[in-house]
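A.B. asks: Sharing structure_34.cif, mmCIF, C-alpha atoms, pLDDT in the B column; chains and numbers go by the auth columns:
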data_target
#
loop_
_atom_site.group_PDB
_atom_site.id
_atom_site.type_symbol
_atom_site.label_atom_id
_atom_site.label_comp_id
_atom_site.label_asym_id
_atom_site.label_seq_id
_atom_site.Cartn_x
_atom_site.Cartn_y
_atom_site.Cartn_z
_atom_site.B_iso_or_equiv
_atom_site.auth_seq_id
_atom_site.auth_asym_id
ATOM 1 C CA MET A 1 46.991 108.271 335.815 32.00 1 A
ATOM 2 C CA THR A 2 48.612 107.880 332.396 31.00 2 A
ATOM 3 C CA PRO A 3 52.340 108.680 332.212 37.00 3 A
ATOM 4 C CA ALA A 4 53.103 111.799 330.179 37.00 4 A
ATOM 5 C CA SER A 5 55.078 109.785 327.610 36.00 5 A
ATOM 6 C CA ASP A 6 51.961 107.752 326.782 41.00 6 A
ATOM 7 C CA THR A 7 49.635 110.700 326.257 43.00 7 A
ATOM 8 C CA VAL A 8 48.835 112.063 322.849 44.00 8 A
ATOM 9 C CA ARG A 9 49.090 115.830 322.556 52.00 9 A
ATOM 10 C CA ARG A 10 46.033 117.087 320.741 60.00 10 A
ATOM 11 C CA LEU A 11 46.855 120.073 318.588 86.00 11 A
ATOM 12 C CA ASP A 12 44.275 122.664 317.647 92.00 12 A
ATOM 13 C CA PRO A 13 43.718 124.264 314.243 95.00 13 A
ATOM 14 C CA ASP A 14 45.231 127.699 313.638 95.00 14 A
ATOM 15 C CA PRO A 15 42.941 130.270 315.324 95.00 15 A
ATOM 16 C CA ARG A 16 42.551 132.152 312.008 95.00 16 A
ATOM 17 C CA VAL A 17 41.125 128.981 310.452 96.00 17 A
ATOM 18 C CA VAL A 18 38.714 128.508 313.338 96.00 18 A
ATOM 19 C CA THR A 19 37.608 132.156 313.091 96.00 19 A
ATOM 20 C CA VAL A 20 36.735 131.824 309.390 96.00 20 A
ATOM 21 C CA LEU A 21 34.821 128.596 309.949 96.00 21 A
ATOM 22 C CA ASP A 22 32.955 129.909 312.994 96.00 22 A
ATOM 23 C CA ARG A 23 32.094 133.367 311.644 95.00 23 A
ATOM 24 C CA ARG A 24 30.662 131.911 308.455 93.00 24 A
ATOM 25 C CA ALA A 25 29.049 128.963 310.284 96.00 25 A
ATOM 26 C CA ILE A 26 30.697 126.574 307.822 96.00 26 A
ATOM 27 C CA PRO A 27 29.999 122.918 308.548 96.00 27 A
ATOM 28 C CA HIS A 28 33.284 121.047 308.851 97.00 28 A
ATOM 29 C CA ARG A 29 35.055 118.296 310.701 96.00 29 A
ATOM 30 C CA VAL A 30 38.411 118.676 312.433 97.00 30 A
ATOM 31 C CA VAL A 31 40.560 115.595 311.871 96.00 31 A
ATOM 32 C CA HIS A 32 43.453 114.968 314.254 96.00 32 A
ATOM 33 C CA HIS A 33 45.969 112.473 312.884 94.00 33 A
ATOM 34 C CA ALA A 34 46.801 111.353 316.432 93.00 34 A
ATOM 35 C CA GLU A 35 43.178 110.293 316.967 93.00 35 A
ATOM 36 C CA LEU A 36 42.892 108.142 313.853 94.00 36 A
ATOM 37 C CA GLU A 37 42.901 104.409 314.445 94.00 37 A
ATOM 38 C CA GLY A 38 46.207 103.574 312.830 93.00 38 A
ATOM 39 C CA THR A 39 49.611 104.963 312.034 93.00 39 A
ATOM 40 C CA VAL A 40 49.798 108.110 309.926 94.00 40 A
ATOM 41 C CA GLY A 41 52.999 108.499 307.979 92.00 41 A
ATOM 42 C CA SER A 42 51.620 110.071 304.832 92.00 42 A
ATOM 43 C CA ALA A 43 48.546 111.541 303.187 91.00 43 A
ATOM 44 C CA LEU A 44 47.783 108.116 301.739 92.00 44 A
ATOM 45 C CA ASP A 45 47.578 106.742 305.281 95.00 45 A
ATOM 46 C CA VAL A 46 45.085 109.476 306.182 95.00 46 A
ATOM 47 C CA ALA A 47 42.991 108.634 303.111 95.00 47 A
ATOM 48 C CA ARG A 48 43.014 104.942 303.990 95.00 48 A
ATOM 49 C CA LEU A 49 42.128 105.521 307.641 96.00 49 A
ATOM 50 C CA LEU A 50 39.294 107.925 306.750 96.00 50 A
ATOM 51 C CA GLU A 51 38.165 105.657 303.901 95.00 51 A
ATOM 52 C CA ILE A 52 38.249 108.434 301.322 95.00 52 A
ATOM 53 C CA GLY A 53 39.988 108.651 297.978 94.00 53 A
ATOM 54 C CA PRO A 54 43.456 110.204 297.971 94.00 54 A
ATOM 55 C CA ASP A 55 42.161 112.652 295.359 94.00 55 A
ATOM 56 C CA ARG A 56 40.136 114.328 298.163 96.00 56 A
ATOM 57 C CA ILE A 57 43.262 114.979 300.267 96.00 57 A
ATOM 58 C CA THR A 58 44.873 118.305 299.396 97.00 58 A
ATOM 59 C CA LYS A 59 48.088 120.187 299.796 97.00 59 A
ATOM 60 C CA THR A 60 48.238 123.962 299.977 97.00 60 A
ATOM 61 C CA LEU A 61 51.304 125.667 298.554 97.00 61 A
ATOM 62 C CA LEU A 62 52.481 129.248 298.808 97.00 62 A
ATOM 63 C CA VAL A 63 53.470 130.590 295.401 97.00 63 A
ATOM 64 C CA THR A 64 55.107 133.841 294.347 97.00 64 A
ATOM 65 C CA ASP A 65 55.878 135.812 291.227 95.00 65 A
ATOM 66 C CA ARG A 66 59.382 136.442 292.664 85.00 66 A
ATOM 67 C CA GLN A 67 58.438 140.078 293.104 87.00 67 A
ATOM 68 C CA ASP A 68 56.155 141.037 295.947 89.00 68 A
ATOM 69 C CA HIS A 69 53.060 138.996 295.125 96.00 69 A
ATOM 70 C CA PHE A 70 52.035 135.789 296.864 97.00 70 A
ATOM 71 C CA GLY A 71 49.120 133.396 296.548 97.00 71 A
ATOM 72 C CA LEU A 72 47.936 129.995 297.720 98.00 72 A
ATOM 73 C CA VAL A 73 47.341 127.017 295.455 98.00 73 A
ATOM 74 C CA VAL A 74 45.287 124.010 296.577 98.00 74 A
ATOM 75 C CA VAL A 75 45.754 120.778 294.609 98.00 75 A
ATOM 76 C CA PRO A 76 45.251 117.056 295.245 97.00 76 A
ATOM 77 C CA VAL A 77 48.160 115.797 297.325 96.00 77 A
ATOM 78 C CA LEU A 78 49.439 113.425 294.611 95.00 78 A
ATOM 79 C CA SER A 79 49.369 116.109 291.922 97.00 79 A
ATOM 80 C CA ARG A 80 51.903 118.623 290.689 97.00 80 A
ATOM 81 C CA VAL A 81 51.189 122.309 290.226 98.00 81 A
ATOM 82 C CA GLU A 82 51.097 123.724 286.709 98.00 82 A
ATOM 83 C CA PHE A 83 52.782 127.024 287.510 98.00 83 A
ATOM 84 C CA ALA A 84 52.048 128.512 284.087 97.00 84 A
ATOM 85 C CA ALA A 85 48.322 127.972 284.685 98.00 85 A
ATOM 86 C CA VAL A 86 48.584 129.541 288.142 98.00 86 A
ATOM 87 C CA SER A 87 50.444 132.607 286.885 97.00 87 A
ATOM 88 C CA GLY A 88 47.927 133.050 284.076 96.00 88 A
ATOM 89 C CA ARG A 89 44.962 132.929 286.451 96.00 89 A
ATOM 90 C CA LEU A 90 46.609 135.368 288.874 97.00 90 A
ATOM 91 C CA GLY A 91 47.707 137.744 286.124 96.00 91 A
ATOM 92 C CA TRP A 92 51.380 137.206 286.862 97.00 92 A
ATOM 93 C CA THR A 93 54.209 136.812 284.363 96.00 93 A
ATOM 94 C CA ARG A 94 55.565 133.828 286.268 96.00 94 A
ATOM 95 C CA ALA A 95 54.737 131.734 289.339 97.00 95 A
ATOM 96 C CA THR A 96 57.013 129.545 291.416 97.00 96 A
ATOM 97 C CA MET A 97 57.118 128.037 294.899 96.00 97 A
ATOM 98 C CA ALA A 98 57.813 130.593 297.598 95.00 98 A
ATOM 99 C CA PRO A 99 60.870 129.981 299.785 92.00 99 A
ATOM 100 C CA PRO A 100 60.342 128.723 303.361 88.00 100 A
ATOM 101 C CA ALA A 101 61.203 132.136 304.823 89.00 101 A
ATOM 102 C CA ALA A 102 58.348 133.675 302.841 91.00 102 A
ATOM 103 C CA LEU A 103 56.024 130.954 304.093 88.00 103 A
ATOM 104 C CA ALA A 104 56.749 131.914 307.693 87.00 104 A
ATOM 105 C CA ALA A 105 56.476 135.641 306.962 91.00 105 A
ATOM 106 C CA GLN A 106 53.268 135.479 304.892 93.00 106 A
ATOM 107 C CA LEU A 107 51.365 132.750 306.742 93.00 107 A
ATOM 108 C CA GLY A 108 52.986 132.079 310.089 92.00 108 A
ATOM 109 C CA GLN A 109 52.346 128.385 309.527 92.00 109 A
ATOM 110 C CA PRO A 110 54.746 125.452 309.154 90.00 110 A
ATOM 111 C CA VAL A 111 55.310 123.900 305.737 89.00 111 A
ATOM 112 C CA ASP A 112 53.540 120.704 306.831 89.00 112 A
ATOM 113 C CA GLY A 113 50.431 122.459 308.117 90.00 113 A
ATOM 114 C CA VAL A 114 49.504 125.148 305.611 95.00 114 A
ATOM 115 C CA SER A 115 45.811 125.996 305.383 97.00 115 A
ATOM 116 C CA PRO A 116 44.052 127.854 302.575 97.00 116 A
ATOM 117 C CA LEU A 117 41.624 129.261 305.154 97.00 117 A
ATOM 118 C CA GLY A 118 42.150 132.475 307.097 93.00 118 A
ATOM 119 C CA HIS A 119 44.562 134.317 304.775 89.00 119 A
ATOM 120 C CA HIS A 120 42.297 137.010 303.346 87.00 120 A
ATOM 121 C CA HIS A 121 45.203 139.061 302.035 92.00 121 A
ATOM 122 C CA LEU A 122 46.222 136.323 299.584 96.00 122 A
ATOM 123 C CA PRO A 123 44.491 135.104 296.431 97.00 123 A
ATOM 124 C CA VAL A 124 43.628 131.400 296.464 98.00 124 A
ATOM 125 C CA VAL A 125 43.515 129.098 293.446 98.00 125 A
ATOM 126 C CA VAL A 126 41.849 125.701 293.863 98.00 126 A
ATOM 127 C CA ASP A 127 42.319 122.996 291.253 98.00 127 A
ATOM 128 C CA ALA A 128 39.106 122.297 289.334 97.00 128 A
ATOM 129 C CA THR A 129 39.123 118.612 290.347 96.00 129 A
ATOM 130 C CA LEU A 130 38.521 119.710 293.956 97.00 130 A
ATOM 131 C CA GLY A 131 35.766 122.209 293.258 90.00 131 A
ATOM 132 C CA THR A 132 32.890 119.754 293.147 88.00 132 A
ATOM 133 C CA GLY A 133 31.981 116.399 294.590 89.00 133 A
ATOM 134 C CA ALA A 134 32.690 114.966 298.001 94.00 134 A
ATOM 135 C CA ALA A 135 34.251 116.807 300.906 96.00 135 A
ATOM 136 C CA VAL A 136 37.953 117.586 300.745 97.00 136 A
ATOM 137 C CA LEU A 137 40.583 117.545 303.449 97.00 137 A
ATOM 138 C CA VAL A 138 42.633 120.740 303.747 98.00 138 A
ATOM 139 C CA GLY A 139 45.326 121.759 306.187 96.00 139 A
ATOM 140 C CA ALA A 140 44.272 123.379 309.445 97.00 140 A
ATOM 141 C CA GLY A 141 47.388 125.519 309.860 95.00 141 A
ATOM 142 C CA THR A 142 48.865 123.030 312.321 94.00 142 A
ATOM 143 C CA PRO A 143 50.819 119.840 311.503 93.00 143 A
ATOM 144 C CA GLY A 144 48.772 116.702 312.059 94.00 144 A
ATOM 145 C CA VAL A 145 45.421 118.497 311.952 96.00 145 A
ATOM 146 C CA GLU A 146 43.135 118.746 308.912 96.00 146 A
ATOM 147 C CA ILE A 147 39.751 120.252 308.119 97.00 147 A
ATOM 148 C CA MET A 148 37.198 118.216 306.179 97.00 148 A
ATOM 149 C CA ILE A 149 35.038 120.681 304.289 98.00 149 A
ATOM 150 C CA ASP A 150 32.571 120.778 301.420 97.00 150 A
ATOM 151 C CA PRO A 151 34.319 122.030 298.240 97.00 151 A
ATOM 152 C CA HIS A 152 31.756 124.786 297.658 96.00 152 A
ATOM 153 C CA ALA A 153 32.211 126.006 301.232 97.00 153 A
ATOM 154 C CA LEU A 154 35.985 126.022 300.713 97.00 154 A
ATOM 155 C CA LEU A 155 35.635 128.124 297.575 97.00 155 A
ATOM 156 C CA THR A 156 33.261 130.542 299.282 94.00 156 A
ATOM 157 C CA ALA A 157 35.334 130.862 302.469 95.00 157 A
ATOM 158 C CA THR A 158 38.547 131.567 300.566 96.00 158 A
ATOM 159 C CA GLY A 159 37.135 133.517 297.623 95.00 159 A
ATOM 160 C CA ALA A 160 39.110 131.089 295.490 97.00 160 A
ATOM 161 C CA ILE A 161 39.424 130.869 291.750 96.00 161 A
ATOM 162 C CA CYS A 162 38.526 127.303 290.758 97.00 162 A
ATOM 163 C CA THR A 163 40.414 126.282 287.612 97.00 163 A
ATOM 164 C CA PRO A 164 42.627 123.463 286.297 98.00 164 A
ATOM 165 C CA VAL A 165 46.111 123.992 287.783 98.00 165 A
ATOM 166 C CA ALA A 166 47.239 120.449 288.614 97.00 166 A
ATOM 167 C CA ARG A 167 48.540 117.422 286.786 94.00 167 A
ATOM 168 C CA ARG A 168 49.260 113.962 287.971 86.00 168 A
#
If you convert what's in this file into structure tokens, what do you get?
C.D. replies:
Amino acid sequence: MTPASDTVRRLDPDPRVVTVLDRRAIPHRVVHHAELEGTVGSALDVARLLEIGPDRITKTLLVTDRQDHFGLVVVPVLSRVEFAAVSGRLGWTRATMAPPAALAAQLGQPVDGVSPLGHHHLPVVVDATLGTGAAVLVGAGTPGVEIMIDPHALLTATGAICTPVARR
């Protein structure tokens, strides 16, 4: 028997993420950082261990107009969000990062595990560089767990607007 200190706790994706993927029968792969053959300390480590370009690893950010509107923005992990482009696409006067308290209230997910999937009440904007090509890795709503998904399937599942909103 393996001592408890030597076991790896396998975390599951957020149930809302699983529901969206299952109900729509979306092909995907769940990636657990703890099961990768190597140490994961950053998104670049994940890219290296999965042998994919870092431009296919994403981050999902909760944005707000500082009023009562919120949305999700998905960009390559090494990119910065162009908030003016986001606000323009969402029809807002201004967009900015939402505070951590809003993240918990709107999504119920930790800052290091945000998923664009399963939040039907929020608009989603996906950077144009992610909208085509090879599969992308998005958060699964749980830290250390990702979903590898076809970009078209991501856009369809989230109802996302696909437009340039990132810069390097």
A.B. asks: Could you pull the residues within 10 Å of Gly133 of chain A, counting only C-alpha atoms, minus those fewer than 2 positions along the same chain, as a VMD selection string?
C.D. replies: chain A and resid 56 129 to 131 135 to 136 150 to 152
A.B. asks: Quick one: residues within 7 Å of Pro76 of chain A, all atoms listed in the file counted, chain neighbours fewer than 6 positions away excluded, as a PDB file with C-alpha atoms, keeping the file's coordinate frame?
C.D. replies:
ATOM      1  CA  ASP A  55      42.161 112.652 295.359  1.00 94.00           C
ATOM      2  CA  ARG A  56      40.136 114.328 298.163  1.00 96.00           C
ATOM      3  CA  ILE A  57      43.262 114.979 300.267  1.00 96.00           C
ATOM      4  CA  THR A  58      44.873 118.305 299.396  1.00 97.00           C
ATOM      5  CA  LYS A  59      48.088 120.187 299.796  1.00 97.00           C
TER       6      LYS A  59
END
A.B. asks: Under the PyMOL selection byres ((chain A and resi 83) around 8), which residues of this model are included? Write them out as number ranges by chain.
C.D. replies: A: 81-82, 84-87, 94-96, 165
A.B. asks: Find, counting only C-alpha atoms, the residue in A:Ala140, A:Leu78, A:Val63, A:Leu122 that gets nearest to Ala102 of chain A.
C.D. replies: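 The shortest atom-to-atom distance to Ala102 of chain A comes from A:Val63.
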A.B. asks: Decode the PyMOL selection byres ((chain A and resi 42) around 12) for the given file into explicit residues and return them as a ChimeraX atom specification.
C.D. replies: /A:33,38-41,43-49,54,57-59,77-78,112,143-144
A.B. asks: Generate a file of the selected residues that holds C-alpha atoms, formatted as an mmCIF file, in the coordinates of the input.
C.D. replies:
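Produced file again-v1.cif, reproduced below:
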data_model
loop_
_atom_site.group_PDB
_atom_site.id
_atom_site.type_symbol
_atom_site.label_atom_id
_atom_site.label_comp_id
_atom_site.auth_asym_id
_atom_site.auth_seq_id
_atom_site.Cartn_x
_atom_site.Cartn_y
_atom_site.Cartn_z
ATOM 1 C CA HIS A 33 45.969 112.473 312.884
ATOM 2 C CA GLY A 38 46.207 103.574 312.830
ATOM 3 C CA THR A 39 49.611 104.963 312.034
ATOM 4 C CA VAL A 40 49.798 108.110 309.926
ATOM 5 C CA GLY A 41 52.999 108.499 307.979
ATOM 6 C CA ALA A 43 48.546 111.541 303.187
ATOM 7 C CA LEU A 44 47.783 108.116 301.739
ATOM 8 C CA ASP A 45 47.578 106.742 305.281
ATOM 9 C CA VAL A 46 45.085 109.476 306.182
ATOM 10 C CA ALA A 47 42.991 108.634 303.111
ATOM 11 C CA ARG A 48 43.014 104.942 303.990
ATOM 12 C CA LEU A 49 42.128 105.521 307.641
ATOM 13 C CA PRO A 54 43.456 110.204 297.971
ATOM 14 C CA ILE A 57 43.262 114.979 300.267
ATOM 15 C CA THR A 58 44.873 118.305 299.396
ATOM 16 C CA LYS A 59 48.088 120.187 299.796
ATOM 17 C CA VAL A 77 48.160 115.797 297.325
ATOM 18 C CA LEU A 78 49.439 113.425 294.611
ATOM 19 C CA ASP A 112 53.540 120.704 306.831
ATOM 20 C CA PRO A 143 50.819 119.840 311.503
ATOM 21 C CA GLY A 144 48.772 116.702 312.059
#
A.B. asks: Could you give me, as a ChimeraX atom specification, the residues that sit within 9 Å of (36.9, 130.7, 289.1) in the file's coordinates, counting only C-alpha atoms?
C.D. replies: /A:89,125-126,128,155,159-163
A.B. asks: So how far away is atom CA of Asp22 of chain A from atom CA of Leu154 of chain A, in Å?
C.D. replies: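 Value for the atom CA of Leu154 of chain A-atom CA of Asp22 of chain A distance: 13.2 Å.
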A.B. asks: Do a neighbour search on Pro110 of chain A at 9 Å with all atoms listed in the file, toss out local chain neighbours closer than 3 positions, and write the hits as a PyMOL selection string.
C.D. replies: chain A and resi 100+103-104+107+113-114+141-143
A.B. asks: Running the PyMOL selection byres ((chain A and resi 69) around 10) on this model by hand, what would come out? Give it as a ChimeraX atom specification.
C.D. replies: /A:63-68,70-71,90,92,95,98,122-123
A.B. asks: Could you please determine the separation between atom CA of Ala105 of chain A and atom CA of Leu117 of chain A in Å, to one decimal place?
C.D. replies: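 Pair atom CA of Ala105 of chain A / atom CA of Leu117 of chain A returns 16.3 Å.
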A.B. asks: As an exercise, work out the distance from atom CA of His120 of chain A to atom CA of Ala134 of chain A in Å and give it to one decimal place.
C.D. replies: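 Separation between atom CA of His120 of chain A and atom CA of Ala134 of chain A: 24.6 Å.
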A.B. asks: Taking only C-alpha atoms into account, which of A:Ala166, A:Met97, A:Leu61, A:Ala157 comes nearest Arg23 of chain A?
C.D. replies: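 Ranked by minimum distance to Arg23 of chain A, first place goes to A:Ala157.
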A.B. asks: Extract segment 88-135 of chain A from the preceding block and save C-alpha atoms as a compact mmCIF listing (two decimals), in the first residue's frame.
C.D. replies:
# COMPACT_ATOMS: atom_id res chain seq x y z
CA GLY A 88 -15.91 47.51 -27.96
CA ARG A 89 -16.94 43.95 -28.81
CA LEU A 90 -19.16 43.69 -25.73
CA GLY A 91 -20.73 47.11 -26.26
CA TRP A 92 -19.32 48.47 -23.02
CA THR A 93 -17.82 51.90 -22.41
CA ARG A 94 -14.88 50.37 -20.57
CA ALA A 95 -13.56 46.93 -19.59
CA THR A 96 -11.15 46.01 -16.83
CA MET A 97 -10.19 42.95 -14.79
CA ALA A 98 -12.82 41.97 -12.26
CA PRO A 99 -11.72 41.84 -8.62
CA PRO A 100 -11.18 38.42 -6.99
CA ALA A 101 -14.40 38.73 -4.98
CA ALA A 102 -16.36 39.07 -8.22
CA LEU A 103 -14.58 36.02 -9.60
CA ALA A 104 -15.81 33.91 -6.70
CA ALA A 105 -19.33 35.36 -6.88
CA GLN A 106 -19.75 35.10 -10.67
CA LEU A 107 -17.94 31.83 -11.36
CA GLY A 108 -17.34 29.97 -8.12
CA GLN A 109 -13.92 29.01 -9.44
CA PRO A 110 -10.42 29.84 -8.19
CA VAL A 111 -8.30 32.38 -10.05
CA ASP A 112 -5.90 29.63 -11.17
CA GLY A 113 -8.60 27.36 -12.56
CA VAL A 114 -11.05 29.52 -14.48
CA SER A 115 -12.82 27.84 -17.38
CA PRO A 116 -14.67 29.53 -20.24
CA LEU A 117 -17.04 26.55 -20.35
CA GLY A 118 -20.23 26.24 -18.33
CA HIS A 119 -21.00 29.92 -17.65
CA HIS A 120 -23.97 30.50 -19.95
CA HIS A 121 -24.94 33.73 -18.23
CA LEU A 122 -21.71 35.45 -19.30
CA PRO A 123 -20.57 36.56 -22.75
CA VAL A 124 -17.28 35.01 -23.88
CA VAL A 125 -14.69 36.65 -26.12
CA VAL A 126 -11.97 34.43 -27.60
CA ASP A 127 -8.89 35.96 -29.19
CA ALA A 128 -8.83 35.43 -32.96
CA THR A 129 -5.46 33.63 -32.80
CA LEU A 130 -7.19 30.80 -30.90
CA GLY A 131 -10.21 30.47 -33.15
CA THR A 132 -8.64 28.24 -35.77
CA GLY A 133 -5.90 25.67 -36.02
CA ALA A 134 -4.84 23.03 -33.55
CA ALA A 135 -6.58 22.18 -30.31
